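Below is one structure, written out as structure tokens; comments come after it.
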Amino acid sequence: MKRVRGYLTDGLLTVALLAVGLAGTAPAGRNQGIPSVSGWAYALVVTAALVLAARRLLPVTVLAVTTVAVSLYLLGGYPFGPILLSLAIAVYTVAAHRPLGQAAIAAAGALGLLIIAGLIGDGLGMEAVAPQVAWVAGPLAIGVTVRVGREQVLQNRRDEARRQADAERLRVAQEVHDVVGHGLAAIMMQADIALHVLPKQPEQAEAALTAISRTSRESLDELRATLGAVRRGDDPDDRSPVPGLARLDELVDRTRAVGVPVAVDVAGPLGSLPAAVDLAAYRIVQESLTNVLRHAGTATASVRVALTGDDLTVSISDTGRGGPPRPARHGHGLAGMKERVSALGGSLTAGPRPEGGFAVTATLPVRR
């Protein structure tokens with residue numbers, strides 16, 4: 001459609017140049033002391049205008065034909081007039097649609113031929129040189145400027161598309177990290193329990209293996225839903241339900257099932273949270289509990305989610321019993337949480353507690 005509009009525009013431009021050329025050449029001649037203009041001059045005016053209908057398809061060829069027509073016009077000693085408009089448009093087209101080097105060579109060739117024609121044309125001489133330079137150099141500069149601007153816009157669009165693709169890849173990586181990390185941490189702890197009790201208490205080993213099977217299945221289902229949503233795009237009408245605080249109890253139950261007591265305190269209505277805030281809060285709790293499984297040893301944990309005013313506060317802490325105290329936990333998990341919170345305009349603090357253990361607190365603005 002855009003190409004068709006371009007061709008239609010070129011057709012209208014050709015008709016306008018024909019009208020101006022046929023109506024304006026004779027008055028231009030009278031103003032320059034040339035009482036009459038021959039039919040040969042009008043034929044050249046018509047040729048220079050008609051060939052512009054193909055300027056988008058063959059810009060260099062169109063410039064060559066227009067230059068020859070204008071040169072013959074000048075050789076005949078005819079008056080400067082509307083035919084030079086056709087020349088200017090032909091030069092502009094080459095500059096706007098061809099690389100700078102090619103456009104410069106074509107324009108230089110056209111200018112050389114026009115200068116020669118002006119110098120040897122009937123009664124023109126040096127007076128014809130300056131106008132030819134202006135009618136070529138001006139449109140050339142304008143066309144190059146337009147082409148550079150167009151290319152810059154296209155490059156900006158490509159850069160933006162690349163940035164969005166990178167951001168999407170990072171988002172998917174964070175989602176997969178959170179889903180797989182939590183599942184594997186729970187499975188690892190249950191496997192350790194099973195190996196420990198298998199020789200003496202096989203019934204407890206069976207319970208641990210059952211928990212491993214359940215955790216594996218749930219993690220795979222969540223991972224499949226996450227990747228399926230990515231494949232289908234972000235259309236809210238075409239994706240599986242994403243994790244959110246509505247599934248907080250399921251997440252906590254999986255952690256309790258591997259032997260870590262978790263206390264939960266939820267304050268405020270959470271059903272109307274924005275989807276991005278709801279998902280971020282869930283992932284923060286998930287990653288924090290994963291860190292408890294990985295690093296806290298034999299510990300208890302507490303989760304508090306509170307909606308107060310325009311902010312949602314999510315706090316996760318653990319006692320960190322059963323192992324040497326860890327001064328801090330740095331890694332991709334905390335970095336991912338900070339990126340999630342920063343993207344929503346919130347804040348996150350994480351570090352060891354004075355009484356022992358570790359705490360993570362995130363504040364997410366809720367915009368309704």
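As shown in the structure tokens, the chain order sets the letters A, B, ...; within each chain, residues go from 1, and ligands are also counted from 1 in the order they appear.
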Contacts of Gly11 of chain A within 12 Å, only C-alpha atoms, excl. fewer than 6 positions in-chain, as a list in words: Val4, Arg5, Leu17, Leu18, Ala49, Leu50, Val51, Leu52, Ala53, Ala54, Arg55 and Arg56 of chain A
Please save C-alpha atoms of the selected residues as a PDB file, in the first residue's frame.
```
ATOM      1  CA  VAL A   4       1.209   2.238  -4.368  1.00  0.00           C
ATOM      2  CA  ARG A   5       0.804   5.606  -2.644  1.00  0.00           C
ATOM      3  CA  LEU A  17       5.422  19.478 -13.638  1.00  0.00           C
ATOM      4  CA  LEU A  18       3.913  19.040 -17.106  1.00  0.00           C
ATOM      5  CA  ALA A  49       8.737  15.829 -16.607  1.00  0.00           C
ATOM      6  CA  LEU A  50       7.386  12.492 -17.847  1.00  0.00           C
ATOM      7  CA  VAL A  51      10.464  10.477 -16.961  1.00  0.00           C
ATOM      8  CA  LEU A  52      10.024  11.415 -13.295  1.00  0.00           C
ATOM      9  CA  ALA A  53       7.095   8.979 -13.091  1.00  0.00           C
ATOM     10  CA  ALA A  54       9.740   6.218 -12.766  1.00  0.00           C
ATOM     11  CA  ARG A  55      11.995   8.060 -10.322  1.00  0.00           C
ATOM     12  CA  ARG A  56      11.510   5.588  -7.446  1.00  0.00           C
TER      13      ARG A  56
END
```
Atomic distance atom CA of Arg163 of chain A - atom CA of Leu334 of chain A, expressed in Å with one decimal: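 Result for atom CA of Arg163 of chain A versus atom CA of Leu334 of chain A: 22.9 Å, one decimal.
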Residue among A:Ser86, A:Thr66, A:Gln152, A:Thr61 lying closest to Ala103 of chain A, counting only C-alpha atoms: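 The shortest atom-to-atom distance to Ala103 of chain A comes from A:Thr61.
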